[in-house]
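Accompanying notes for the structure given below.
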Amino acid sequence: MDTPTVLLHDTDGRSLLCFLERSLMLDDQPYGLLQPVDAPAVIFSWEDDGEEPVPVEDEDAIKTIFPTAKAVLEEQNLTLLATAITLTVEGDLPDVEDDDGDDSAELNGADRHHVDEEEDLDEEAEEFQLLAIFYHQQQEYGVYTPLDPFLIVARLDNDEPQLISPEEYERIEPLLEAALAEQIEAEEAERE
């Protein structure tokens with residue numbers, strides 16, 4: 001069975017095509033768990049000491065370096081897109097190297113997911129695959145894609161996804177976790 005797709009819009013008029021992975025009823029309101037169709041991307045920069053990369057989160061900074069990042073990825077037949085919620089990369093990504101390769105990295109605090117902004121992201125490292133390194137005005141940057149699924153919670157109004165505020169997410173998070181656990185348990189029981 002094909003997973004349905006929906007188009008998510010942000011307040012800046014950008015859109016993001018997503019798979020509707022799950023539908024859930026929480027507080028008599030339909031919500032969806034969405035996953036971008038194209039690979040999410042995060043741009044990191046290295047400070048002068050060069051130790052820990054830092055995600056570039058400032059919208060103006062991203063707009064400044066975006067053309068260079070886009071050009072570098074085009075050399076690999078990948079297209080960098082300025083989409084809602086996150087940058088995305090369209091095209092066939094290279095295979096992920098095993099743990100001994102240097103095409104993946106463990107980076108702290110790099111999640112640009114809109115509902116996780118207030119979490120202490122230093123508690124858990126997230127793994128990323130390196131797609132490209134580039135320089136802009138003598139500053140080194142890297143374009144990475146997360147190896148873990150990038151999921152977005154959205155309210156469904158007439159089957160159209162609507163972004164939710166961090167406050168709404170915080171309110172529904174316990175209900176979401178319980179509903180997901182219940183759905184997964186029911187699916188596992190069906191398979192047995």
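Following the order of the structure tokens, chains are lettered A, B, ..., residues in each are numbered from 1, and ligands are numbered from 1.
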
DSSP on the backbone, then: every residue of chain A marked strand (DSSP E or B), written as a PyMOL selection string. chain A and resi 5-9+15-26+29-36+39-46+53-55+79-82+87-90+104-107+126-136+139-146+152-157+160-163

Extract, using only C-alpha atoms, all DNA, RNA and protein residues at most 7 Å from A:Pro55, discarding same-chain residues fewer than 6 positions from it, and format them as a ChimeraX atom specification. /A:42-45,110

For those residues, write all heavy atoms to a file as a compact mmCIF listing (two decimals), in the first residue's frame.
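Now in selection37.txt:
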```
# COMPACT_ATOMS: atom_id res chain seq x y z
N VAL A 42 21.08 19.67 6.93
CA VAL A 42 21.53 20.64 7.93
C VAL A 42 22.91 21.12 7.49
O VAL A 42 23.75 20.30 7.10
CB VAL A 42 21.62 20.00 9.33
CG1 VAL A 42 22.07 21.03 10.36
CG2 VAL A 42 20.29 19.38 9.74
N ILE A 43 23.13 22.43 7.56
CA ILE A 43 24.45 22.98 7.25
C ILE A 43 25.13 23.29 8.58
O ILE A 43 24.56 23.95 9.44
CB ILE A 43 24.34 24.25 6.38
CG1 ILE A 43 23.67 23.91 5.04
CG2 ILE A 43 25.72 24.86 6.16
CD1 ILE A 43 23.44 25.11 4.13
N PHE A 44 26.36 22.80 8.72
CA PHE A 44 27.17 23.05 9.90
C PHE A 44 28.36 23.92 9.52
O PHE A 44 28.84 23.87 8.39
CB PHE A 44 27.71 21.74 10.48
CG PHE A 44 26.67 20.90 11.17
CD1 PHE A 44 25.92 19.97 10.47
CD2 PHE A 44 26.46 21.04 12.53
CE1 PHE A 44 24.98 19.20 11.11
CE2 PHE A 44 25.51 20.26 13.18
CZ PHE A 44 24.76 19.35 12.47
N SER A 45 28.83 24.68 10.48
CA SER A 45 30.08 25.44 10.29
C SER A 45 31.04 25.06 11.41
O SER A 45 30.62 24.55 12.45
CB SER A 45 29.82 26.95 10.30
OG SER A 45 29.41 27.36 11.59
N ALA A 110 22.21 19.28 16.79
CA ALA A 110 22.07 19.70 15.41
C ALA A 110 20.65 19.57 14.88
O ALA A 110 20.44 19.73 13.70
CB ALA A 110 23.01 18.87 14.54
```

Residue nearest A:Leu163 among A:Leu147, A:Ala189, A:Met25, A:Ala84 (counting only C-alpha atoms): A:Ala84

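Of note, atom CA of A:Glu140 and atom CA of A:Val37 are spaced 28.3 Å apart.
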
Which residue is closest to A:Gln137? Choose from A:Thr64, A:Thr11, A:Gln162, A:Gln183 and count only C-alpha atoms. A:Thr64

Using DSSP on the backbone coordinates, identify the residues of chain A assigned to helix (DSSP H, G or I); present them as an MDAnalysis selection string. chainID A and resid 59:74 114:116 121:123 166:191

Pick out the closest residue to A:Glu74 from this set: A:Ala132, A:Ser23, A:Asp12, A:Val54. Count only C-alpha atoms. A:Ala132

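Of note, atom CA of A:Ser165 and atom CA of A:Cys18 are spaced 18.6 Å apart.
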